[in-house]
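Below is one structure, written out as structure tokens; comments come after it.
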Amino acid sequence: MKIELNGKVALVTGGTRGIGRAIVEALANAGAKVAFTYRSSTEEADALVAELKGRGVEAMAHQGDAADSDAANEAVKLVLDTWGSLDILVNNAGITRDGLMLRMNDNDWNSVINTNLKSVFNFCKAAYRPMMKQRAGSVINLSSVVGVMGNPGQTNYAASKAGIIGFSKSLAKELGGRGVTVNVVAPGYVATDMTAALSDAAQEAMLGAVPLGRPATPQDIAGAVVFLASDAARYITGHVLHVDGGLAM
Ligand code: NAD
């Protein structure tokens, strides 16, 4: 079944590479107009916008730190001023600052919580009123298998990703009556720059526990996001969709 998002307006945080980029491309392929945010890689952002426009997709990029509420407000305002609505919000931006807790400092903790969790609050807050007024909208937040199962060396990351799950269920209950769905995608081990930084031993150990026997591609994650953004998922809210090859069962 080909999922159609024709005419829908989407905003994705952290869209220049990895899973975010695959989500931008998949939403565009399904017919959506797509805006994405990026923190510093202007060249990659401009190239992606040009590539999408070259394919006839309405696309734009907004520079800003997702942890900054002003940047989130500006990005949402830009989308509303340009396209008149915001139908799909995907909170994808995320970082890791791994280390055993004994050696984890305040900056490791704060930067991960602010980038991964506060950013979700920032963008959902900015989108709350417009989606409530539209009486429609799909919010999809990227968590992680680590937020469900835990992982040594990732207390900060696990806390941020578990926080996203509780946040999303609460917001799903707040906004359900307004026709807005809020769901979570929890990827397992995905081949991106984020996991390339892991040691070979850590990558092999993770892969050994994946029943499907391979890492996810960013496109595997993007497919689940497009599904949750579509009318096919209109009766699904507050759900955590594990896209992990069976890792977390
Ligand atoms: P990545 O490092 O390849 O890309 C992350 C993106 O987020 C980049 O475009 C980066 O510029 C952007 N970003 C980071 N901090 C930002 C900020 N403050 N403001 C704006 N943008 C910012 O990572 P990825 O693997 O593509 O991960 C995407 C999401 O999926 C993250 O939330 C991550 O936690 C989650 N995830 C990844 C995996 C995996 O195995 N790769 C597994 C589970 C969950």
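In the structure tokens, the first chain shown is A, the next is B, and so on; residue numbers restart at 1 for each chain, and ligands run from 1 in the order shown.
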- Message: For ligand 1, return the neighbouring residues as a ChimeraX atom specification (distance at most 8 Å; only C-alpha atoms and all ligand atoms).
- Response: /A:13-21,37-41,63-68,91-96,114-116,119,142-146,157,161,186-195,216,218
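On the backbone of this structure, DSSP gives strand (DSSP E) within segment 147-183 of chain A to Val180, Thr181, Val182 and Asn183 of chain A.
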Would you export the selected residues with N, CA, C and O atoms as an mmCIF file, in the first residue's frame, please?
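Output file selection22.cif is given in full below:
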data_model
loop_
_atom_site.group_PDB
_atom_site.id
_atom_site.type_symbol
_atom_site.label_atom_id
_atom_site.label_comp_id
_atom_site.auth_asym_id
_atom_site.auth_seq_id
_atom_site.Cartn_x
_atom_site.Cartn_y
_atom_site.Cartn_z
ATOM 1 N N VAL A 180 -5.651 15.453 17.727
ATOM 2 C CA VAL A 180 -4.202 15.409 17.503
ATOM 3 C C VAL A 180 -3.652 14.111 18.083
ATOM 4 O O VAL A 180 -3.919 13.797 19.247
ATOM 5 N N THR A 181 -2.902 13.358 17.291
ATOM 6 C CA THR A 181 -2.273 12.136 17.800
ATOM 7 C C THR A 181 -0.811 12.410 18.161
ATOM 8 O O THR A 181 -0.148 13.237 17.521
ATOM 9 N N VAL A 182 -0.339 11.711 19.187
ATOM 10 C CA VAL A 182 1.063 11.837 19.613
ATOM 11 C C VAL A 182 1.604 10.427 19.801
ATOM 12 O O VAL A 182 1.101 9.670 20.638
ATOM 13 N N ASN A 183 2.578 10.063 19.016
ATOM 14 C CA ASN A 183 3.140 8.715 19.081
ATOM 15 C C ASN A 183 4.658 8.754 19.144
ATOM 16 O O ASN A 183 5.278 9.786 18.866
#
- Based on DSSP run over this structure's backbone, return all residues of segment 6-149 of chain A in helix (DSSP H, G or I), as a ChimeraX atom specification. /A:18-29,42-54,69-83,101-103,106-134,145-149
- Distance query Ala248 of chain A at most 8 Å, only C-alpha atoms, self and fewer than 2 positions along chain excluded, as a PyMOL selection string: chain A and resi 145+148-149+188+242+244+246
Kindly export the residues of the current selection with all heavy atoms, as a tab-separated table (two decimals), in the first residue's frame.
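Full text of selection-v1.tsv as output:
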chain	number	residue	atom	x	y	z
A	145	VAL	N	15.37	2.27	21.82
A	145	VAL	CA	15.34	1.03	22.60
A	145	VAL	C	16.02	1.24	23.95
A	145	VAL	O	15.65	0.61	24.96
A	145	VAL	CB	16.00	-0.11	21.78
A	145	VAL	CG1	17.49	0.16	21.56
A	145	VAL	CG2	15.82	-1.46	22.44
A	148	VAL	N	13.86	2.23	26.76
A	148	VAL	CA	12.98	1.16	27.25
A	148	VAL	C	13.78	0.14	28.05
A	148	VAL	O	13.35	-0.33	29.10
A	148	VAL	CB	12.28	0.47	26.05
A	148	VAL	CG1	11.40	-0.68	26.51
A	148	VAL	CG2	11.46	1.49	25.25
A	149	MET	N	14.96	-0.22	27.54
A	149	MET	CA	15.73	-1.32	28.15
A	149	MET	C	16.89	-0.86	29.03
A	149	MET	O	17.44	-1.64	29.79
A	149	MET	CB	16.31	-2.23	27.05
A	149	MET	CG	15.24	-2.89	26.18
A	149	MET	SD	15.96	-3.85	24.84
A	149	MET	CE	16.58	-5.28	25.71
A	188	GLY	N	15.89	0.66	17.23
A	188	GLY	CA	16.93	-0.14	17.90
A	188	GLY	C	18.28	0.36	17.42
A	188	GLY	O	18.63	1.52	17.62
A	242	HIS	N	8.00	0.05	18.30
A	242	HIS	CA	9.39	-0.43	18.31
A	242	HIS	C	9.80	-0.79	16.90
A	242	HIS	O	9.17	-1.66	16.28
A	242	HIS	CB	9.52	-1.65	19.22
A	242	HIS	CG	9.29	-1.32	20.67
A	242	HIS	ND1	10.32	-1.07	21.55
A	242	HIS	CD2	8.15	-1.16	21.38
A	242	HIS	CE1	9.82	-0.78	22.74
A	242	HIS	NE2	8.50	-0.83	22.65
A	244	ASP	N	12.92	-2.11	15.69
A	244	ASP	CA	14.22	-2.53	16.21
A	244	ASP	C	14.60	-3.97	15.83
A	244	ASP	O	15.47	-4.56	16.47
A	244	ASP	CB	14.25	-2.38	17.73
A	244	ASP	CG	13.19	-3.23	18.44
A	244	ASP	OD1	12.52	-4.04	17.75
A	244	ASP	OD2	13.04	-3.11	19.65
A	246	GLY	N	13.21	-6.57	16.48
A	246	GLY	CA	12.88	-7.53	17.54
A	246	GLY	C	13.76	-7.41	18.78
A	246	GLY	O	13.61	-8.17	19.73
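Comparing the minimum interatomic distances between Ala61 of chain A and each of A:Val76, A:Ile3, A:Ala35, A:Val240, counting only C-alpha atoms, we find that A:Ala35 sits nearest.
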- Please indicate the distance in Å from atom CA of Val139 of chain A to atom CA of Val120 of chain A, rounded to one decimal place. 10.0 Å
- For Thr155 of chain A, the nearest of the candidates A:Glu204, A:Ala127, A:Met101, A:Arg178, counting only C-alpha atoms: A:Met101
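Compared by their closest atoms to Val12 of chain A, and using only C-alpha atoms, the residues A:Ala59, A:Leu89, A:Val184, A:Ala47 rank with A:Leu89 nearest.
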- Note on the structure: atom CA of Gly99 of chain A to atom CA of Ala197 of chain A measures 13.0 Å
Contacts of segment 135-138 of chain A at 12 Å or less, counting only C-alpha atoms, minus same-chain residues fewer than 6 places along, as a short mmCIF file (atom, residue, chain, number, x, y, z; two decimals) with C-alpha atoms, in the first residue's frame?
data_model
loop_
_atom_site.label_atom_id
_atom_site.label_comp_id
_atom_site.auth_asym_id
_atom_site.auth_seq_id
_atom_site.Cartn_x
_atom_site.Cartn_y
_atom_site.Cartn_z
CA LEU A 5 0.48 12.59 2.45
CA LYS A 8 0.21 17.82 4.25
CA VAL A 9 2.76 20.11 5.90
CA ALA A 10 5.56 18.51 7.92
CA LEU A 11 8.33 19.83 10.17
CA VAL A 12 11.28 17.59 11.15
CA SER A 85 -0.77 24.91 8.61
CA LEU A 86 1.35 22.35 10.44
CA ASP A 87 0.03 18.80 10.10
CA ILE A 88 3.02 16.62 11.01
CA LEU A 89 5.72 17.34 13.61
CA VAL A 90 8.63 14.92 13.91
CA ASN A 91 11.00 15.45 16.84
CA CYS A 124 5.37 20.45 20.91
CA ALA A 127 2.87 23.42 17.69
CA TYR A 128 0.27 22.90 20.46
CA ARG A 129 -2.01 25.87 19.78
CA SER A 168 4.26 11.70 24.64
CA LEU A 171 0.41 14.88 25.59
CA ALA A 172 -1.59 12.22 23.71
CA LEU A 175 -4.65 16.54 22.84
CA GLY A 176 -6.70 13.46 21.94
CA GLY A 177 -9.99 15.34 22.25
CA ARG A 178 -8.70 17.86 19.69
CA GLY A 179 -7.99 15.24 17.05
CA VAL A 180 -4.20 15.41 17.50
CA THR A 181 -2.27 12.14 17.80
CA VAL A 182 1.06 11.84 19.61
CA ASN A 183 3.14 8.71 19.08
CA VAL A 184 6.68 7.49 19.66
CA VAL A 225 7.18 7.61 10.84
CA VAL A 226 5.36 8.05 7.52
CA PHE A 227 2.82 5.41 8.58
CA LEU A 228 2.16 7.17 11.91
CA ALA A 229 1.81 10.50 10.07
CA SER A 230 -0.78 9.09 7.69
CA ASP A 231 -4.54 8.56 7.85
CA ALA A 232 -3.85 4.82 8.09
CA ALA A 233 -2.77 5.52 11.71
CA ARG A 234 -5.53 7.99 12.59
CA TYR A 235 -6.84 5.84 15.50
CA ILE A 236 -3.39 5.27 17.01
CA THR A 237 -2.20 7.60 19.77
CA GLY A 238 0.06 7.34 22.81
#
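Residues lying within 9 Å of Glu25 of chain A, counting only C-alpha atoms and ignoring same-chain neighbours fewer than 3 positions away, are Gly20, Arg21, Ala22, Ala28, Asn29, Ala30, Val34, Leu52 and Ala222 of chain A.
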Store the residues of this selection in a file with N, CA, C and O atoms, as a CSV table (one decimal), in the first residue's frame.
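Output contents, as saved in out-v4.csv:
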chain,number,residue,atom,x,y,z
A,20,GLY,N,16.9,11.6,10.5
A,20,GLY,CA,16.1,12.8,10.2
A,20,GLY,C,16.1,13.0,8.7
A,20,GLY,O,15.0,13.3,8.1
A,21,ARG,N,17.2,12.9,8.0
A,21,ARG,CA,17.2,13.1,6.5
A,21,ARG,C,16.3,12.1,5.8
A,21,ARG,O,15.6,12.4,4.9
A,22,ALA,N,16.4,10.8,6.3
A,22,ALA,CA,15.6,9.8,5.7
A,22,ALA,C,14.1,10.1,5.9
A,22,ALA,O,13.2,9.8,5.0
A,28,ALA,N,8.5,13.6,2.0
A,28,ALA,CA,8.5,14.3,0.6
A,28,ALA,C,8.0,13.3,-0.4
A,28,ALA,O,7.2,13.6,-1.3
A,29,ASN,N,8.6,12.1,-0.4
A,29,ASN,CA,8.2,11.1,-1.4
A,29,ASN,C,6.7,10.7,-1.3
A,29,ASN,O,6.1,10.3,-2.3
A,30,ALA,N,6.1,10.9,-0.1
A,30,ALA,CA,4.7,10.6,0.1
A,30,ALA,C,3.8,11.8,-0.3
A,30,ALA,O,2.6,11.7,-0.1
A,34,VAL,N,7.8,19.8,3.1
A,34,VAL,CA,8.6,19.4,4.3
A,34,VAL,C,9.6,20.6,4.6
A,34,VAL,O,10.4,21.0,3.8
A,52,LEU,N,15.4,18.5,-3.0
A,52,LEU,CA,14.0,18.3,-2.9
A,52,LEU,C,13.2,19.2,-3.9
A,52,LEU,O,12.3,18.8,-4.6
A,222,ALA,N,12.2,5.6,8.9
A,222,ALA,CA,11.3,6.6,8.2
A,222,ALA,C,10.0,6.0,7.8
A,222,ALA,O,9.0,6.7,7.8
